[in-house]
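> Sending over a structure as structure tokens; questions will come in a sec.
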Amino acid sequence: MNAAAVPPQAPERPFKVLGIQQIAIGAPDKERLRRLWVDLLGLELTGHFASERENVDEDICAIGSGPYKVEVDLMQPLDPEKKPAVHTTPLNHVGLWIDDLPAAVAWLSSQGVRFAPGGIRPGAAGFDICFLHPKGNEEFPISGEGVLIELVQAPPEVVRAFAALAQAPV
């Protein structure tokens with residue numbers, strides 16, 4: 001392979017992506033989503049979140065338990081005419097557990113990753129979050145290429161559980 005064709009190596013990453021924290025699904029009316037995900041597939045309804053700033057009314061559901069629980073957020077807009085339009089992309093976003101969110105944001109920004117406005121802030125489930133923008137720009141060309149990606153600060157028990165899982169014999 002030609003040395004010129006090999007992309008440059010990024011500096012060592014100061015954080016780990018531990019696993020999937022959530023997926024968020026949007027629709028004009030979350031009742032139809034709830035019929036499938038809760039009534040038919042059997043996910044547990046664990047909470048509710050509404051935010052005018054985020055233009056969202058969501059039911060928080062769960063698959064699994066303990067540190068391996070994955071949220072499935074069923075979302076509808078509070079106002080279909082306002083932004084963000086949580087219903088226009090049916091798979092709204094994917095959330096990833098991160099062991100050190102501030103380090104991840106600093107490092108990814110230094111690598112040219114574009115973040116959505118809002119910075120690190122408390123999320124619907126009580127964990128600190130931030131979002132990678134779905135579209136890059138001139139200053140920050142790296143993005144989710146059309147997918148909104150949520151980075152979620154993993155609590156200590158999740159970090160420990162994933163560390164133990166990584167050490168478990170196969």
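Labeling convention for the structure tokens: chains A, B, ... as they appear, residues from 1 per chain, ligands from 1 in order of appearance.
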In chain A, what's strand (DSSP E or B) per DSSP? Answer as a PyMOL selection string?
chain A and resi 17-26+44-51+56-63+70-76+91-98+113+115+121-122+128-132+142+148-153
> So that I can see what lies close to Ile129 (chain A), please list as a ChimeraX atom specification the residues with an atom at most 7 Å from it, counting only C-alpha atoms and leaving out residues fewer than 6 positions away in the same chain.
/A:120-123,150-153
> May I have the residues within 9 Å of region 99-105 of chain A as a count of residues only, using only C-alpha atoms and disregarding those fewer than 6 positions away in the same chain?
21
> Name the residues in contact with region 60-69 of chain A at a cut-off of 10 Å, using only C-alpha atoms, excluding same-chain residues fewer than 3 positions from it; report them as a tab-separated table (two decimals) with N, CA, C and O atoms, in the first residue's frame.

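Everything below was put into part.tsv:
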chain	number	residue	atom	x	y	z
A	19	GLY	N	-20.78	1.48	25.12
A	19	GLY	CA	-21.87	0.74	24.52
A	19	GLY	C	-23.00	1.66	24.14
A	19	GLY	O	-22.92	2.87	24.30
A	20	ILE	N	-24.08	1.08	23.65
A	20	ILE	CA	-25.27	1.85	23.28
A	20	ILE	C	-26.02	2.22	24.55
A	20	ILE	O	-26.35	1.36	25.36
A	21	GLN	N	-26.31	3.50	24.72
A	21	GLN	CA	-27.11	3.96	25.85
A	21	GLN	C	-28.57	4.06	25.45
A	21	GLN	O	-29.45	3.75	26.23
A	22	GLN	N	-28.83	4.51	24.21
A	22	GLN	CA	-30.21	4.68	23.78
A	22	GLN	C	-30.33	4.78	22.29
A	22	GLN	O	-29.34	5.05	21.60
A	24	ALA	N	-33.38	6.77	19.81
A	24	ALA	CA	-34.55	7.64	19.91
A	24	ALA	C	-35.28	7.62	18.58
A	24	ALA	O	-34.68	7.83	17.53
A	34	ARG	N	-45.79	3.69	20.78
A	34	ARG	CA	-46.00	2.99	22.04
A	34	ARG	C	-46.75	1.67	21.81
A	34	ARG	O	-46.46	0.67	22.45
A	37	TRP	N	-43.82	-0.68	20.45
A	37	TRP	CA	-42.68	-0.93	21.32
A	37	TRP	C	-43.07	-1.41	22.72
A	37	TRP	O	-42.39	-2.24	23.30
A	38	VAL	N	-44.16	-0.89	23.27
A	38	VAL	CA	-44.57	-1.25	24.64
A	38	VAL	C	-45.60	-2.36	24.61
A	38	VAL	O	-45.40	-3.43	25.19
A	42	GLY	N	-43.19	-5.42	24.17
A	42	GLY	CA	-43.02	-5.65	25.60
A	42	GLY	C	-41.97	-4.82	26.31
A	42	GLY	O	-41.58	-5.15	27.43
A	43	LEU	N	-41.50	-3.72	25.72
A	43	LEU	CA	-40.56	-2.87	26.44
A	43	LEU	C	-41.25	-2.24	27.64
A	43	LEU	O	-42.46	-2.00	27.61
A	44	GLU	N	-40.48	-2.00	28.67
A	44	GLU	CA	-41.01	-1.40	29.90
A	44	GLU	C	-41.02	0.12	29.76
A	44	GLU	O	-40.01	0.72	29.39
A	45	LEU	N	-42.15	0.74	30.03
A	45	LEU	CA	-42.25	2.19	30.06
A	45	LEU	C	-41.67	2.65	31.40
A	45	LEU	O	-42.21	2.30	32.46
A	46	THR	N	-40.55	3.39	31.38
A	46	THR	CA	-39.86	3.75	32.62
A	46	THR	C	-39.93	5.22	32.97
A	46	THR	O	-39.53	5.61	34.07
A	47	GLY	N	-40.39	6.07	32.04
A	47	GLY	CA	-40.44	7.49	32.35
A	47	GLY	C	-41.02	8.30	31.23
A	47	GLY	O	-41.39	7.79	30.17
A	48	HIS	N	-41.08	9.60	31.49
A	48	HIS	CA	-41.60	10.56	30.53
A	48	HIS	C	-40.76	11.82	30.63
A	48	HIS	O	-40.30	12.19	31.71
A	49	PHE	N	-40.57	12.49	29.50
A	49	PHE	CA	-39.81	13.73	29.47
A	49	PHE	C	-40.45	14.66	28.45
A	49	PHE	O	-40.80	14.22	27.36
A	57	ASP	N	-41.89	15.66	23.35
A	57	ASP	CA	-42.70	14.95	24.35
A	57	ASP	C	-42.33	13.49	24.13
A	57	ASP	O	-42.62	12.92	23.07
A	72	VAL	N	-35.06	3.12	24.86
A	72	VAL	CA	-35.68	3.38	23.57
A	72	VAL	C	-36.65	4.53	23.84
A	72	VAL	O	-37.64	4.36	24.56
A	73	ASP	N	-36.31	5.71	23.32
A	73	ASP	CA	-37.12	6.90	23.54
A	73	ASP	C	-38.09	7.07	22.38
A	73	ASP	O	-37.67	7.11	21.22
A	74	LEU	N	-39.37	7.15	22.70
A	74	LEU	CA	-40.43	7.31	21.71
A	74	LEU	C	-40.86	8.77	21.73
A	74	LEU	O	-41.42	9.24	22.72
A	75	MET	N	-40.57	9.50	20.65
A	75	MET	CA	-40.70	10.95	20.68
A	75	MET	C	-41.72	11.48	19.67
A	75	MET	O	-41.83	10.95	18.56
A	124	ALA	N	-32.45	13.96	29.52
A	124	ALA	CA	-33.76	13.50	29.99
A	124	ALA	C	-33.65	12.41	31.05
A	124	ALA	O	-34.47	12.33	31.96
A	125	ALA	N	-32.64	11.54	30.95
A	125	ALA	CA	-32.50	10.43	31.89
A	125	ALA	C	-31.66	10.79	33.11
A	125	ALA	O	-31.38	9.94	33.94
A	154	ALA	N	-21.47	8.07	31.20
A	154	ALA	CA	-21.83	6.84	31.91
A	154	ALA	C	-21.60	7.02	33.40
A	154	ALA	O	-20.55	7.53	33.81
A	155	PRO	N	-22.55	6.58	34.23
A	155	PRO	CA	-22.32	6.62	35.68
A	155	PRO	C	-21.28	5.56	36.07
A	155	PRO	O	-21.02	4.62	35.30
A	156	PRO	N	-20.70	5.68	37.26
A	156	PRO	CA	-19.63	4.75	37.67
A	156	PRO	C	-20.00	3.28	37.55
A	156	PRO	O	-19.17	2.46	37.14
A	157	GLU	N	-21.24	2.89	37.89
A	157	GLU	CA	-21.61	1.47	37.83
A	157	GLU	C	-21.62	0.95	36.39
A	157	GLU	O	-21.31	-0.21	36.15
A	158	VAL	N	-21.93	1.80	35.43
A	158	VAL	CA	-21.90	1.38	34.03
A	158	VAL	C	-20.45	1.25	33.56
A	158	VAL	O	-20.10	0.29	32.88
A	159	VAL	N	-19.60	2.21	33.94
A	159	VAL	CA	-18.19	2.13	33.58
A	159	VAL	C	-17.59	0.84	34.14
A	159	VAL	O	-16.89	0.10	33.43
A	160	ARG	N	-17.88	0.52	35.42
A	160	ARG	CA	-17.34	-0.70	36.05
A	160	ARG	C	-17.88	-1.96	35.35
A	160	ARG	O	-17.13	-2.91	35.11
A	161	ALA	N	-19.16	-1.96	35.03
A	161	ALA	CA	-19.76	-3.16	34.41
A	161	ALA	C	-19.15	-3.43	33.03
A	161	ALA	O	-18.85	-4.57	32.71
A	162	PHE	N	-18.95	-2.39	32.25
A	162	PHE	CA	-18.36	-2.59	30.92
A	162	PHE	C	-16.88	-2.97	31.03
A	162	PHE	O	-16.38	-3.77	30.25
> What separation in Å, quoted to one decimal, exists between CA of Gln111 (chain A) and CA of Trp97 (chain A)?
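Separation of CA of Gln111 (chain A) and CA of Trp97 (chain A): 19.7 Å.
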> Restricting the calculation to only C-alpha atoms, which member of A:Gly26, A:Gly136, A:Pro11, A:Gly146 is positioned closest to Val86 (chain A)?
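Once distances to Val86 (chain A) are computed over only C-alpha atoms, the minimum belongs to A:Gly26.
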> Compile the contact shell of Glu81 (chain A) as a list of chain:residue names: residues with an atom at most 12 Å away, counting only C-alpha atoms, same-chain residues fewer than 6 positions apart removed.
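Returned residues: A:Pro28, A:Asn55, A:His87, A:Thr88.
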> Can you tell me, as a ChimeraX atom specification, what residues are no more than 8 Å from Lys135 (chain A) when counting only C-alpha atoms, ignoring any on the same chain fewer than 3 positions away?
/A:114,141-146
> Please compute the CA of Gln167 (chain A)-CA of Leu96 (chain A) distance, one decimal, in Å.
20.2 Å
> Could you pull out the residues in region 6-126 of chain A that DSSP calls alpha helix (DSSP H) from the backbone, as a list of chain:residue names?
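For region 6-126 of chain A, the alpha helix (DSSP H) set is A:Lys30, A:Glu31, A:Arg32, A:Leu33, A:Arg34, A:Leu101, A:Pro102, A:Ala103, A:Ala104, A:Val105, A:Ala106, A:Trp107, A:Leu108, A:Ser109, A:Ser110.
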> Those residues with N, CA and C atoms, as a PDB file, in the first residue's frame please?

ATOM      1  N   LYS A  30     -46.651   9.717  19.114  1.00  0.00           N
ATOM      2  CA  LYS A  30     -45.939   8.620  19.791  1.00  0.00           C
ATOM      3  C   LYS A  30     -46.857   7.484  20.231  1.00  0.00           C
ATOM      4  N   GLU A  31     -48.165   7.677  20.200  1.00  0.00           N
ATOM      5  CA  GLU A  31     -49.085   6.605  20.585  1.00  0.00           C
ATOM      6  C   GLU A  31     -48.921   5.388  19.689  1.00  0.00           C
ATOM      7  N   ARG A  32     -48.701   5.602  18.413  1.00  0.00           N
ATOM      8  CA  ARG A  32     -48.495   4.473  17.485  1.00  0.00           C
ATOM      9  C   ARG A  32     -47.168   3.775  17.781  1.00  0.00           C
ATOM     10  N   LEU A  33     -46.157   4.559  18.141  1.00  0.00           N
ATOM     11  CA  LEU A  33     -44.877   3.964  18.532  1.00  0.00           C
ATOM     12  C   LEU A  33     -45.050   3.141  19.810  1.00  0.00           C
ATOM     13  N   ARG A  34     -45.787   3.692  20.778  1.00  0.00           N
ATOM     14  CA  ARG A  34     -46.002   2.986  22.041  1.00  0.00           C
ATOM     15  C   ARG A  34     -46.746   1.671  21.808  1.00  0.00           C
ATOM     16  N   LEU A 101     -16.984  12.132  29.506  1.00  0.00           N
ATOM     17  CA  LEU A 101     -17.611  13.021  28.523  1.00  0.00           C
ATOM     18  C   LEU A 101     -16.822  14.311  28.288  1.00  0.00           C
ATOM     19  N   PRO A 102     -16.374  15.031  29.313  1.00  0.00           N
ATOM     20  CA  PRO A 102     -15.597  16.252  29.039  1.00  0.00           C
ATOM     21  C   PRO A 102     -14.329  15.968  28.210  1.00  0.00           C
ATOM     22  N   ALA A 103     -13.624  14.886  28.517  1.00  0.00           N
ATOM     23  CA  ALA A 103     -12.434  14.538  27.742  1.00  0.00           C
ATOM     24  C   ALA A 103     -12.819  14.201  26.304  1.00  0.00           C
ATOM     25  N   ALA A 104     -13.933  13.502  26.126  1.00  0.00           N
ATOM     26  CA  ALA A 104     -14.389  13.144  24.777  1.00  0.00           C
ATOM     27  C   ALA A 104     -14.705  14.392  23.970  1.00  0.00           C
ATOM     28  N   VAL A 105     -15.417  15.341  24.557  1.00  0.00           N
ATOM     29  CA  VAL A 105     -15.794  16.563  23.839  1.00  0.00           C
ATOM     30  C   VAL A 105     -14.547  17.360  23.456  1.00  0.00           C
ATOM     31  N   ALA A 106     -13.631  17.528  24.400  1.00  0.00           N
ATOM     32  CA  ALA A 106     -12.402  18.285  24.119  1.00  0.00           C
ATOM     33  C   ALA A 106     -11.601  17.620  23.007  1.00  0.00           C
ATOM     34  N   TRP A 107     -11.407  16.321  23.102  1.00  0.00           N
ATOM     35  CA  TRP A 107     -10.585  15.610  22.126  1.00  0.00           C
ATOM     36  C   TRP A 107     -11.256  15.580  20.754  1.00  0.00           C
ATOM     37  N   LEU A 108     -12.539  15.245  20.721  1.00  0.00           N
ATOM     38  CA  LEU A 108     -13.243  15.186  19.432  1.00  0.00           C
ATOM     39  C   LEU A 108     -13.282  16.556  18.762  1.00  0.00           C
ATOM     40  N   SER A 109     -13.474  17.607  19.537  1.00  0.00           N
ATOM     41  CA  SER A 109     -13.449  18.965  18.968  1.00  0.00           C
ATOM     42  C   SER A 109     -12.089  19.251  18.350  1.00  0.00           C
ATOM     43  N   SER A 110     -11.027  18.845  19.036  1.00  0.00           N
ATOM     44  CA  SER A 110      -9.673  19.081  18.512  1.00  0.00           C
ATOM     45  C   SER A 110      -9.403  18.287  17.238  1.00  0.00           C
TER      46      SER A 110
END
> In Å to one decimal, how far is CA of Pro90 (chain A) from CA of Glu138 (chain A)?
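CA of Pro90 (chain A) lies at a distance of 27.5 Å from CA of Glu138 (chain A).
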